[in-house]
$ cat coords_14.cif   # mmCIF, C-alpha atoms and all ligand atoms
data_model
#
loop_
_atom_site.label_atom_id
_atom_site.label_comp_id
_atom_site.auth_asym_id
_atom_site.auth_seq_id
_atom_site.Cartn_x
_atom_site.Cartn_y
_atom_site.Cartn_z
CA MET Y 1 20.58 -10.41 -21.59
CA PRO Y 2 21.07 -9.56 -17.96
CA GLN Y 3 24.56 -10.37 -16.78
CA ARG Y 4 24.62 -13.50 -14.67
CA ARG Y 5 26.49 -12.99 -11.47
CA SER Y 6 26.98 -14.47 -8.06
CA ALA Y 7 24.10 -13.51 -5.85
CA GLN Y 8 23.43 -12.96 -2.20
CA LYS Y 9 21.01 -15.54 -0.78
CA ALA Y 10 18.49 -14.49 1.85
CA GLY Y 11 20.63 -16.16 4.50
CA GLY Y 12 23.68 -14.18 3.41
CA GLN Y 13 25.45 -17.10 1.76
CA GLN Y 14 27.17 -16.42 -1.58
CA THR Y 15 26.19 -18.95 -4.23
CA PRO Y 16 27.43 -19.05 -7.83
CA SER Y 17 24.59 -18.61 -10.34
CA THR Y 18 25.86 -20.56 -13.32
CA ILE Y 19 27.71 -23.81 -13.80
CA SER Y 20 30.71 -22.01 -15.23
CA GLU Y 21 30.91 -19.93 -12.06
CA ARG Y 22 31.09 -22.99 -9.90
CA GLY Y 23 34.80 -23.13 -10.50
CA ASP Y 24 35.58 -26.83 -10.33
CA GLU Y 25 33.02 -28.55 -12.54
CA SER Y 26 34.75 -31.89 -12.13
CA ALA Y 27 33.93 -31.99 -8.43
CA ALA Y 28 32.16 -35.15 -7.23
CA GLU Y 29 28.92 -33.29 -6.64
CA PRO Y 30 26.44 -33.58 -9.56
CA ILE Y 31 26.45 -30.57 -11.87
CA GLU Y 32 22.67 -30.17 -11.59
CA PRO Y 33 21.80 -31.35 -8.10
CA GLY Y 34 18.26 -29.97 -8.51
CA TRP Y 35 16.77 -26.60 -9.25
CA GLY Y 36 16.11 -25.95 -5.56
CA SER Y 37 19.82 -25.66 -4.82
CA LYS Y 38 20.25 -23.02 -7.48
CA PRO Y 39 21.04 -19.51 -6.42
CA ALA Y 40 18.73 -16.72 -5.55
CA ARG Y 41 18.05 -13.55 -7.39
CA PRO Y 42 18.70 -13.43 -11.14
CA ALA Y 43 20.04 -10.20 -12.64
CA PRO Y 44 17.40 -7.50 -13.14
CA GLY Y 45 15.48 -7.64 -16.39
CA LEU Y 46 12.60 -9.16 -18.27
CA TYR Y 47 12.63 -12.96 -18.56
CA LEU Y 48 10.38 -14.57 -21.20
CA VAL Y 49 9.73 -17.95 -19.69
CA ALA Y 50 8.23 -20.90 -21.60
CA THR Y 51 5.97 -23.12 -19.52
CA PRO Y 52 4.49 -26.57 -20.27
CA ILE Y 53 1.72 -27.12 -22.87
CA GLY Y 54 0.18 -29.89 -20.79
CA ASN Y 55 2.63 -32.08 -18.95
CA LEU Y 56 3.84 -30.06 -15.96
CA ARG Y 57 7.19 -31.84 -16.04
CA ASP Y 58 8.02 -30.10 -19.33
CA ILE Y 59 9.65 -27.18 -17.54
CA THR Y 60 13.34 -26.40 -17.52
CA LEU Y 61 15.49 -26.14 -14.40
CA ARG Y 62 16.40 -22.63 -15.42
CA ALA Y 63 12.73 -21.67 -15.76
CA LEU Y 64 12.11 -22.87 -12.21
CA ASP Y 65 15.15 -20.91 -11.01
CA VAL Y 66 13.84 -17.71 -12.53
CA LEU Y 67 10.17 -18.22 -11.62
CA GLY Y 68 11.14 -19.03 -8.06
CA ASN Y 69 13.46 -16.06 -7.63
CA ALA Y 70 11.85 -13.30 -9.70
CA ASP Y 71 10.28 -10.30 -7.99
CA LEU Y 72 7.07 -10.99 -9.84
CA ILE Y 73 5.57 -13.22 -12.50
CA ALA Y 74 3.42 -11.47 -15.09
CA CYS Y 75 0.83 -14.12 -16.01
CA GLU Y 76 -1.81 -14.37 -18.70
CA ASP Y 77 -4.05 -15.95 -16.04
CA THR Y 78 -2.72 -16.05 -12.48
CA ARG Y 79 -4.91 -19.10 -11.64
CA VAL Y 80 -3.51 -21.12 -14.50
CA THR Y 81 0.07 -20.24 -13.56
CA ALA Y 82 -0.73 -21.11 -9.93
CA ARG Y 83 -1.05 -24.79 -10.97
CA LEU Y 84 2.58 -24.70 -12.05
CA THR Y 85 3.95 -22.64 -9.18
CA THR Y 86 2.06 -24.70 -6.59
CA ARG Y 87 3.35 -27.92 -8.13
CA TYR Y 88 6.93 -26.72 -7.68
CA GLY Y 89 6.42 -24.92 -4.39
CA LEU Y 90 7.12 -21.45 -5.80
CA THR Y 91 5.67 -18.51 -3.90
CA THR Y 92 6.63 -15.64 -6.18
CA LYS Y 93 4.03 -12.90 -6.47
CA ARG Y 94 1.85 -13.22 -9.59
CA LEU Y 95 0.30 -10.31 -11.49
CA PRO Y 96 -2.12 -10.58 -14.39
CA TYR Y 97 -0.91 -9.39 -17.80
CA HIS Y 98 -3.39 -10.24 -20.57
CA GLU Y 99 -4.96 -8.65 -23.59
CA HIS Y 100 -7.65 -6.88 -21.54
CA ASN Y 101 -5.35 -5.16 -19.02
CA ALA Y 102 -2.11 -4.96 -21.01
CA GLU Y 103 -2.40 -1.26 -21.87
CA ARG Y 104 -2.78 -0.42 -18.18
CA MET Y 105 -0.27 -2.94 -16.82
CA ARG Y 106 2.53 -2.36 -19.32
CA PRO Y 107 3.65 1.05 -17.97
CA HIS Y 108 3.58 -0.41 -14.45
CA LEU Y 109 5.76 -3.37 -15.44
CA ILE Y 110 8.15 -1.12 -17.33
CA GLU Y 111 8.50 1.14 -14.28
CA ARG Y 112 9.26 -1.88 -12.10
CA LEU Y 113 11.83 -3.08 -14.62
CA LYS Y 114 13.46 0.34 -14.83
CA ALA Y 115 13.73 0.30 -11.05
CA GLY Y 116 15.73 -2.93 -11.25
CA ALA Y 117 13.06 -5.60 -10.78
CA VAL Y 118 13.30 -9.16 -12.05
CA VAL Y 119 10.10 -9.77 -14.02
CA ALA Y 120 9.21 -13.14 -15.50
CA LEU Y 121 6.58 -13.19 -18.24
CA VAL Y 122 4.62 -16.40 -18.79
CA SER Y 123 1.48 -17.32 -20.69
CA ASP Y 124 -1.07 -20.00 -19.83
CA ALA Y 125 0.85 -22.57 -21.83
CA GLY Y 126 3.95 -22.80 -23.96
CA THR Y 127 6.06 -19.88 -25.09
CA PRO Y 128 4.79 -16.37 -24.31
CA LEU Y 129 4.25 -14.13 -27.36
CA ILE Y 130 3.46 -17.16 -29.56
CA SER Y 131 -0.26 -16.49 -30.19
CA ASP Y 132 -0.14 -15.08 -26.66
CA PRO Y 133 0.44 -11.68 -25.02
CA GLY Y 134 3.89 -10.17 -24.58
CA TYR Y 135 5.06 -8.71 -27.87
CA LYS Y 136 4.23 -5.11 -26.94
CA LEU Y 137 5.84 -5.52 -23.52
CA VAL Y 138 9.03 -6.75 -25.19
CA ARG Y 139 8.95 -3.84 -27.62
CA ALA Y 140 8.48 -1.36 -24.77
CA ALA Y 141 11.31 -2.97 -22.79
CA ILE Y 142 13.62 -2.75 -25.82
CA ALA Y 143 12.75 0.92 -26.22
CA GLU Y 144 13.68 1.53 -22.57
CA GLY Y 145 16.98 -0.33 -22.86
CA ILE Y 146 15.85 -2.97 -20.37
CA ALA Y 147 17.73 -6.27 -20.41
CA ILE Y 148 15.63 -9.12 -21.85
CA THR Y 149 16.26 -12.79 -22.15
CA ALA Y 150 14.24 -15.79 -23.30
CA LEU Y 151 14.03 -19.09 -21.48
CA PRO Y 152 13.09 -21.48 -24.27
CA GLY Y 153 10.87 -24.48 -23.75
CA ALA Y 154 7.60 -25.97 -24.92
CA SER Y 155 5.58 -24.60 -27.80
CA ALA Y 156 2.69 -26.49 -29.39
CA MET Y 157 3.64 -25.33 -32.90
CA LEU Y 158 7.09 -26.96 -32.72
CA ALA Y 159 5.82 -30.14 -31.07
CA GLY Y 160 3.15 -30.40 -33.79
CA LEU Y 161 5.66 -29.74 -36.56
CA VAL Y 162 8.16 -32.37 -35.47
CA LEU Y 163 5.40 -34.97 -35.05
CA SER Y 164 3.73 -34.24 -38.38
CA GLY Y 165 6.12 -36.05 -40.71
CA GLN Y 166 6.20 -32.94 -42.91
CA PRO Y 167 9.38 -31.10 -43.95
CA SER Y 168 10.73 -29.16 -41.00
CA ASP Y 169 13.51 -27.20 -42.72
CA ARG Y 170 11.25 -24.41 -43.89
CA PHE Y 171 7.94 -23.61 -42.26
CA LEU Y 172 5.45 -20.82 -41.70
CA PHE Y 173 3.62 -20.57 -38.41
CA ALA Y 174 0.43 -18.65 -39.13
CA GLY Y 175 -1.33 -18.81 -35.75
CA PHE Y 176 -5.12 -18.97 -35.71
CA LEU Y 177 -7.06 -18.55 -38.95
CA PRO Y 178 -10.16 -16.31 -38.87
CA PRO Y 179 -13.31 -18.13 -37.69
CA LYS Y 180 -15.44 -16.97 -40.64
CA THR Y 181 -15.04 -18.92 -43.83
CA VAL Y 182 -14.67 -15.97 -46.24
CA ALA Y 183 -11.79 -14.44 -44.25
CA ARG Y 184 -10.28 -17.85 -43.63
CA ARG Y 185 -10.25 -18.73 -47.33
CA ARG Y 186 -8.74 -15.34 -48.13
CA ASP Y 187 -5.92 -15.90 -45.60
CA LEU Y 188 -5.32 -19.41 -46.89
CA GLY Y 189 -5.11 -18.00 -50.42
CA GLU Y 190 -2.35 -15.64 -49.26
CA VAL Y 191 -0.11 -18.51 -48.13
CA ALA Y 192 -1.11 -21.12 -50.72
CA ALA Y 193 1.93 -20.59 -52.93
CA MET Y 194 4.49 -20.61 -50.09
CA ARG Y 195 7.04 -23.36 -50.51
CA ALA Y 196 6.96 -24.15 -46.83
CA THR Y 197 5.21 -26.38 -44.36
CA LEU Y 198 2.29 -24.46 -42.85
CA ILE Y 199 1.37 -24.58 -39.16
CA PHE Y 200 -1.93 -23.34 -37.75
CA TYR Y 201 -3.53 -23.36 -34.32
CA GLU Y 202 -7.19 -24.33 -34.44
CA THR Y 203 -10.03 -25.21 -32.10
CA GLY Y 204 -11.96 -28.49 -32.05
CA PRO Y 205 -15.35 -27.00 -33.00
CA ARG Y 206 -13.88 -25.23 -36.05
CA LEU Y 207 -11.55 -28.00 -37.20
CA ALA Y 208 -13.71 -29.79 -39.81
CA ALA Y 209 -14.76 -26.55 -41.53
CA SER Y 210 -11.18 -25.25 -41.51
CA LEU Y 211 -9.81 -28.48 -42.96
CA ALA Y 212 -12.46 -28.38 -45.70
CA ASP Y 213 -11.41 -24.82 -46.62
CA MET Y 214 -7.74 -25.84 -46.49
CA ALA Y 215 -8.39 -28.79 -48.83
CA ASP Y 216 -10.27 -26.50 -51.20
CA ILE Y 217 -7.78 -23.65 -51.28
CA LEU Y 218 -4.47 -25.49 -50.81
CA GLY Y 219 -5.37 -28.59 -52.84
CA SER Y 220 -4.32 -32.13 -52.18
CA ARG Y 221 -1.54 -31.95 -49.59
CA PRO Y 222 -0.40 -34.23 -46.80
CA ALA Y 223 -1.22 -32.91 -43.34
CA ALA Y 224 -1.42 -33.78 -39.68
CA VAL Y 225 -3.66 -32.86 -36.78
CA ALA Y 226 -1.68 -33.06 -33.53
CA ARG Y 227 -3.97 -33.01 -30.51
CA GLU Y 228 -3.52 -32.85 -26.73
CA LEU Y 229 0.26 -32.87 -27.07
CA THR Y 230 2.16 -34.04 -23.99
CA LYS Y 231 -1.17 -34.94 -22.32
CA LEU Y 232 -2.90 -38.23 -21.54
CA PHE Y 233 -4.90 -38.41 -24.78
CA GLU Y 234 -2.18 -37.17 -27.13
CA GLU Y 235 -2.91 -38.13 -30.72
CA THR Y 236 -1.46 -37.27 -34.13
CA ARG Y 237 -3.64 -38.10 -37.11
CA ARG Y 238 -2.03 -37.91 -40.54
CA GLY Y 239 -3.56 -37.96 -44.03
CA SER Y 240 -4.41 -35.72 -46.97
CA LEU Y 241 -6.30 -32.53 -46.13
CA ALA Y 242 -9.40 -34.00 -47.78
CA GLU Y 243 -9.13 -37.22 -45.76
CA LEU Y 244 -8.69 -35.33 -42.51
CA ALA Y 245 -11.60 -33.01 -43.35
CA ALA Y 246 -13.82 -36.03 -44.06
CA HIS Y 247 -12.70 -37.76 -40.87
CA TYR Y 248 -13.47 -34.85 -38.56
CA HIS Y 249 -16.69 -34.04 -40.43
CA GLU Y 250 -17.84 -37.57 -39.64
CA ALA Y 251 -16.32 -37.97 -36.17
CA GLY Y 252 -17.42 -34.55 -34.91
CA PRO Y 253 -15.28 -31.95 -33.13
CA PRO Y 254 -12.32 -33.47 -31.29
CA LYS Y 255 -11.80 -32.61 -27.64
CA GLY Y 256 -8.87 -30.58 -26.41
CA GLU Y 257 -6.26 -28.41 -28.07
CA LEU Y 258 -4.77 -29.00 -31.47
CA VAL Y 259 -2.32 -27.94 -34.14
CA VAL Y 260 -2.75 -28.42 -37.90
CA VAL Y 261 0.42 -28.96 -39.93
CA ILE Y 262 0.26 -28.98 -43.74
CA GLY Y 263 2.98 -30.07 -46.15
CA PRO Y 264 4.30 -27.63 -48.78
CA PRO Y 265 2.88 -27.54 -52.31
CA GLU Y 266 4.33 -29.98 -54.81
CA GLU Y 267 7.67 -28.83 -56.17
CA PRO Y 268 7.31 -27.54 -59.74
CA GLU Y 269 9.57 -30.35 -61.03
CA GLU Y 270 7.50 -32.93 -59.20
CA ALA Y 271 4.36 -31.39 -60.62
CA ALA Y 272 5.90 -31.54 -64.08
CA ASP Y 273 6.92 -35.15 -63.47
CA ALA Y 274 3.44 -35.94 -62.28
CA GLY Y 275 2.07 -34.30 -65.43
CA ASP Y 276 4.38 -36.40 -67.61
CA THR Y 277 3.30 -39.55 -65.79
CA LEU Y 278 -0.37 -38.67 -66.24
CA ASP Y 279 0.10 -38.03 -69.94
CA ALA Y 280 1.98 -41.30 -70.42
CA ALA Y 281 -0.72 -43.23 -68.58
CA LEU Y 282 -3.48 -41.60 -70.63
CA VAL Y 283 -1.75 -42.18 -73.94
CA ALA Y 284 -1.23 -45.85 -73.06
CA ALA Y 285 -4.82 -46.27 -71.88
CA MET Y 286 -6.33 -44.49 -74.89
CA ALA Y 287 -4.51 -46.88 -77.18
CA THR Y 288 -6.94 -49.61 -76.14
CA MET Y 289 -9.92 -47.77 -74.64
CA SER Y 290 -12.33 -44.98 -75.39
CA LEU Y 291 -11.32 -41.54 -74.12
CA LYS Y 292 -13.95 -41.73 -71.39
CA ASP Y 293 -12.98 -45.21 -70.21
CA ALA Y 294 -9.27 -44.36 -70.32
CA SER Y 295 -9.87 -41.25 -68.19
CA GLU Y 296 -11.88 -43.28 -65.74
CA ALA Y 297 -9.20 -45.97 -65.46
CA VAL Y 298 -6.32 -43.51 -65.10
CA ALA Y 299 -8.16 -41.41 -62.51
CA THR Y 300 -8.79 -44.53 -60.44
CA ALA Y 301 -5.19 -45.70 -60.79
CA THR Y 302 -3.60 -42.34 -59.93
CA GLY Y 303 -6.12 -41.03 -57.39
CA ARG Y 304 -6.46 -37.79 -59.38
CA LYS Y 305 -9.73 -35.98 -59.91
CA ARG Y 306 -11.85 -37.51 -62.70
CA ARG Y 307 -12.66 -34.15 -64.26
CA GLU Y 308 -9.01 -33.10 -64.31
CA VAL Y 309 -7.95 -36.37 -65.99
CA TYR Y 310 -10.80 -36.18 -68.49
CA GLN Y 311 -9.82 -32.59 -69.41
CA ARG Y 312 -6.23 -33.69 -69.95
CA ALA Y 313 -7.37 -36.62 -72.09
CA LEU Y 314 -9.39 -34.21 -74.26
CA ILE Y 315 -6.30 -32.03 -74.75
CA LEU Y 316 -4.07 -35.00 -75.61
CA ASN Y 317 -6.70 -36.18 -78.07
CA GLY Y 318 -6.88 -32.78 -79.70
CA LYS Y 319 -10.50 -32.35 -78.67
CA ALA Y 320 -9.92 -29.42 -76.38
CA PRO Y 321 -7.87 -26.21 -76.75
N1 LIG Y 401 1.90 -19.95 -26.50
C1 LIG Y 401 1.41 -21.25 -26.84
C2 LIG Y 401 2.53 -22.06 -27.51
O1 LIG Y 401 3.68 -21.68 -27.43
O2 LIG Y 401 2.21 -23.10 -28.10
C3 LIG Y 401 0.18 -21.17 -27.70
C4 LIG Y 401 -0.95 -20.41 -27.10
S1 LIG Y 401 -2.39 -20.35 -28.09
C5 LIG Y 401 -3.40 -19.20 -27.23
C6 LIG Y 401 -3.21 -21.84 -27.68
C7 LIG Y 401 -3.29 -22.81 -28.85
O3 LIG Y 401 -2.07 -23.55 -28.93
C8 LIG Y 401 -4.38 -23.85 -28.70
O4 LIG Y 401 -5.62 -23.37 -29.15
C9 LIG Y 401 -3.87 -24.95 -29.60
O5 LIG Y 401 -4.11 -24.64 -30.94
C10 LIG Y 401 -2.35 -24.87 -29.32
N2 LIG Y 401 -1.99 -25.77 -28.21
C11 LIG Y 401 -1.66 -25.42 -26.96
N3 LIG Y 401 -1.39 -26.51 -26.22
C12 LIG Y 401 -1.54 -27.57 -27.03
C13 LIG Y 401 -1.40 -28.98 -26.87
N4 LIG Y 401 -1.05 -29.50 -25.71
N5 LIG Y 401 -1.63 -29.79 -27.94
C14 LIG Y 401 -1.97 -29.26 -29.12
N6 LIG Y 401 -2.12 -27.95 -29.34
C15 LIG Y 401 -1.92 -27.11 -28.31
#
$ encode --input "coords_14.cif" --output "structure tokens" --more "lines below"
Ligand code: SAM
Amino acid sequence: MPQRRSAQKAGGQQTPSTISERGDESAAEPIEPGWGSKPARPAPGLYLVATPIGNLRDITLRALDVLGNADLIACEDTRVTARLTTRYGLTTKRLPYHEHNAERMRPHLIERLKAGAVVALVSDAGTPLISDPGYKLVRAAIAEGIAITALPGASAMLAGLVLSGQPSDRFLFAGFLPPKTVARRRDLGEVAAMRATLIFYETGPRLAASLADMADILGSRPAAVARELTKLFEETRRGSLAELAAHYHEAGPPKGELVVVIGPPEEPEEAADAGDTLDAALVAAMATMSLKDASEAVATATGRKRREVYQRALILNGKAP
């Protein structure tokens, strides 16, 4: 991380750059009087700056300090970043850095950094590098011994996770799944056994088909679709994967941006417990009903698949291997 230090303002006035450098923090003046009163030039280096995922007020004071005082902002799309910089009256020069020009721009940015520039990297929304460009620039900067720091902030994956109601202690963010169903089902198969909440980015037009594949490959799991987070029409819809797939199949593609969060597979003990419960219910039902009727009744009562319950009843009755 670049060393923070007092910096020379354009007008020649020395201003401390961090709260701890202010000396007397108990002074009557508010500690954060506003980002505009913050000091000028940050220390040279690469700053990975998170920007809002919708609501332009979701930006940190420190991000505004750096964006306003960097030598340049490397943007995924300079027009998108202009909405943010214009909103906050920042006039810092913006340069495009995206997947189509990255190979050409990276050496240029590295040269600027080696010469002591302050470069802020942003993406169109959220945290750069998270399903967005920047990873190779960071790697190149590390290789050159350039100071790097991250300015944390919004990311749709974390907002979706914390809204989902699914366990948040252990999760796998898997980005976008492939658009074609064969590759998508293969990728889902690779993560199916992970004992972790799964987070995917997805698009509205592909959502119903993706959810159907998820339900098929991952089985019956609780999930959430978090849409338009921090925006006017924010919505989080929760249900089993099959329920969500059916909903979006019927309702059609939702508008806007979205995150899919899926709960982990049942714990083995829970699965065993569930198996015990199923067996007990079947044995009790078969005491008074035919095997077929008992399976029917238990499937309805437990919400399990009819075929699965029937197969289990056959085994319990000694009619299947
Ligand atoms: N770097 C970004 C981040 O940190 O979240 C993600 C960039 S990725 C190219 C864009 C995807 O993020 C969208 O297709 C959508 O899946 C998700 N996303 C971005 N903003 C969102 C929002 N406001 N609500 C829900 N999902 C969002």
$ axis_aligned_box --input "coords_14.cif" --around "ligand LIG 401 (chain Y)" --padding-each-side "4 Å" --output "JSON"
{"center_x": -1.0, "center_y": -24.5, "center_z": -28.3, "size_x": 17.3, "size_y": 18.6, "size_z": 13.2}
$ residues_near_ligand --input "coords_14.cif" --ligand "ligand LIG 401 (chain Y)" --cutoff "9 Å" --atoms "only C-alpha atoms and all ligand atoms" --output "ChimeraX atom specification"
/Y:50-55,122-133,153-160,175-176,200-204,225-231,234-235,256-260
$ closest_residue --input "coords_14.cif" --among "Y:Leu188, Y:Leu56, Y:Ala74, Y:Ala251" --to "Tyr88 of chain Y" --atoms "only C-alpha atoms"
Y:Leu56
$ residues_around --input "coords_14.cif" --residues "Ala147 of chain Y" --least-positions-apart "4" --cutoff "10 Å" --atoms "all atoms listed in the file" --output "PyMOL selection string"
chain Y and resi 1-3+43-47+113-114+116+118+138+141-142
$ write_last_selection --input "coords_14.cif" --atoms "C-alpha atoms" --output "compact mmCIF listing (two decimals), in the frame of the given file"
# COMPACT_ATOMS: atom_id res chain seq x y z
CA MET Y 1 20.58 -10.41 -21.59
CA PRO Y 2 21.07 -9.56 -17.96
CA GLN Y 3 24.56 -10.37 -16.78
CA ALA Y 43 20.04 -10.20 -12.64
CA PRO Y 44 17.40 -7.50 -13.14
CA GLY Y 45 15.48 -7.64 -16.39
CA LEU Y 46 12.60 -9.16 -18.27
CA TYR Y 47 12.63 -12.96 -18.56
CA LEU Y 113 11.83 -3.08 -14.62
CA LYS Y 114 13.46 0.34 -14.83
CA GLY Y 116 15.73 -2.93 -11.25
CA VAL Y 118 13.30 -9.16 -12.05
CA VAL Y 138 9.03 -6.75 -25.19
CA ALA Y 141 11.31 -2.97 -22.79
CA ILE Y 142 13.62 -2.75 -25.82
$ closest_residue --input "coords_14.cif" --among "Y:Arg238, Y:Arg139, Y:Arg206, Y:Arg307" --to "Pro178 of chain Y" --atoms "all atoms listed in the file"
Y:Arg206
$ atom_distance --input "coords_14.cif" --atom1 "atom CA of Thr181 of chain Y" --atom2 "atom CA of Met194 of chain Y"
20.6 Å
$ residues_around --input "coords_14.cif" --residues "Arg186 of chain Y" --least-positions-apart "3" --cutoff "12 Å" --atoms "all atoms listed in the file" --output "VMD selection string"
chain Y and resid 177 to 183 189 to 192 213 to 214 216 to 218
$ residues_around --input "coords_14.cif" --residues "Arg170 of chain Y" --least-positions-apart "6" --cutoff "8 Å" --atoms "all atoms listed in the file" --output "count of residues only"
3
$ residues_around --input "coords_14.cif" --residues "Gly303 of chain Y" --least-positions-apart "6" --cutoff "12 Å" --atoms "all atoms listed in the file" --output "PDB file with C-alpha atoms, in the frame of the given file"
ATOM      1  CA  SER Y 220      -4.320 -32.130 -52.180  1.00  0.00           C
ATOM      2  CA  SER Y 240      -4.410 -35.720 -46.970  1.00  0.00           C
ATOM      3  CA  ALA Y 274       3.440 -35.940 -62.280  1.00  0.00           C
ATOM      4  CA  LEU Y 278      -0.370 -38.670 -66.240  1.00  0.00           C
ATOM      5  CA  SER Y 295      -9.870 -41.250 -68.190  1.00  0.00           C
ATOM      6  CA  GLU Y 296     -11.880 -43.280 -65.740  1.00  0.00           C
ATOM      7  CA  ALA Y 297      -9.200 -45.970 -65.460  1.00  0.00           C
ATOM      8  CA  VAL Y 309      -7.950 -36.370 -65.990  1.00  0.00           C
TER       9      VAL Y 309
END
$ atom_distance --input "coords_14.cif" --atom1 "atom CA of Glu250 of chain Y" --atom2 "atom CA of Arg306 of chain Y"
23.8 Å
